[in-house]
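J.: My structure is below; once you've seen it, I'll send some questions.
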Amino acid sequence: MSFIMKHSMFRRLALWLCLLFLPAAGFAQGMLGSASALQAKHAAVQSQLSDNPFGRPLVLESAEASGQLSGNIFAVLNHPFSEVSASLSQPAVWCDVLMLHLNTKYCAVRGEGDAKSLAVSVGRKFDQPLSDAQRIDFVWKPATVAADFLSVGLGADKGPLSTRDYRIELEATPLPDGKSFIHLSYSYGYGAAARIAMQGYLKTIGSDKVGFTANGKTASGEPDYIGGVLGVVERNTMRYYLAIDAFLDQPTKAQLPQRLALWFDSTERYARQLHEVERQDYLAMKRNEYKRMNSE
């Protein structure tokens, strides 16, 4: 296989694996599943929420096992549960959340009642015609909403190059101080073709990418951040958590410019892991993408 063909394949795979969505073989795998379990998790990670390198109450975990990659964030949001539940139980809100990501070019809710899906187009980290993007339909898991618990999810069974079972799920519960505790889960499965292509990507154009987990220190005393596929999972779990937080801070259509700026500025707090493009380029790209969606 020529270098050009390999390079193109690595980029295509990187696009998909660095994009979207979460556990395999159906929804709810890996989720805690109840308010009491989520409250217990909050109690168990109290020390990590108050003392971590993120500068916010957040715990990030990642794992690889049996052809599955997963990332999980447990975090406190400065928003009351009623607000979190009312917003994130709506599929259209998730389009606004997903659209903050660099690679999401288009998102629309399709279907009626409980048979809804999100039609998502994904592409490169720059402005491009929608015809050059790739389409994937994510099934919407109808929200479970209770006075003290929210659970929602998106999923797609198939991806390119033997990737599969993309899922994104969120559960939330109220905290006594008017805040909310959330669990965001992201994962996908992969086969031999995806493994080979990702190994090539990580040895070439993705060789300098790192995640957030530090395995000790480098010789110069800097954190020795994890790389490889776990780094990919950690980066994108963080991107979607920051997107949720930015939407809740700036939820209205009129606040879209502020929401875009807030998401980008939030990612730049972790520039070692998340910086990809310049601020003005990101904002211009997203303005064009929203204009295109709204012109339908």
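Residue numbering restarts at 1 for every chain of the structure tokens, chains are lettered A, B, ... in their displayed order, and ligands are numbered from 1 as they appear.
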For Ala119 in chain A, please output as number ranges by chain all residues within 12 Å (counting only C-alpha atoms; exclusion window: fewer than 3 positions along the same chain).

T.: A: 91-92, 94-95, 98-99, 104-111, 116, 122, 134-140, 154-156, 293

J.: If you count only C-alpha atoms, which residues fall within 12 Å of range 258-263 of chain A, apart from same-chain ones fewer than 4 positions away, as a PyMOL selection string?

T.: chain A and resi 96-102+238-254+267-270+274-275+278-287+289-290

J.: Within 8 Å of Ala133 in chain A, counting only C-alpha atoms, which residues show up once you throw out same-chain ones fewer than 4 positions away? Write them as a ChimeraX atom specification, please.

T.: /A:105,121-124,128-129

J.: From the list A:Val232, A:Ala172, A:Val84, A:Ala143, which residue is nearest Lys41 in chain A when using only C-alpha atoms?

T.: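 Among the listed residues, A:Ala172 lies closest to Lys41 in chain A.
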
J.: Just how far from CA of Tyr186 in chain A is CA of Ala35 in chain A, in Å to one decimal?

T.: 19.7 Å

J.: Name the residues in contact with Leu38 in chain A at a cut-off of 12 Å, using only C-alpha atoms, excluding same-chain residues fewer than 2 positions from it; report them as JSON, numbers by chain.

T.: {"A": [31, 32, 33, 34, 35, 36, 40, 41, 42, 43, 44, 45, 74, 75, 76, 148, 149, 150, 151, 170, 171, 172, 173, 174, 175, 180, 181, 182, 183, 184]}

J.: Rounded to one decimal in Å, what is the spacing between CA of Gln39 in chain A and CA of Asn72 in chain A?

T.: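 Atom-to-atom, CA of Gln39 in chain A to CA of Asn72 in chain A, that is 15.9 Å.
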
J.: Can you tell me which residues surround range 60-66 of chain A at a distance of at most 9 Å, considering only C-alpha atoms, apart from same-chain residues fewer than 6 positions away, and format the answer as number ranges by chain?

T.: A: 72-75, 189, 212-213, 229-231, 233-234, 237-238

J.: Among range 110-278 of chain A, which ones does DSSP place in alpha helix (DSSP H), written as a ChimeraX atom specification?

T.: /A:192-203,228-249,256-268,271-274

J.: Do you have the CA of Tyr166 in chain A-CA of Ser185 in chain A distance handy?

T.: 10.8 Å
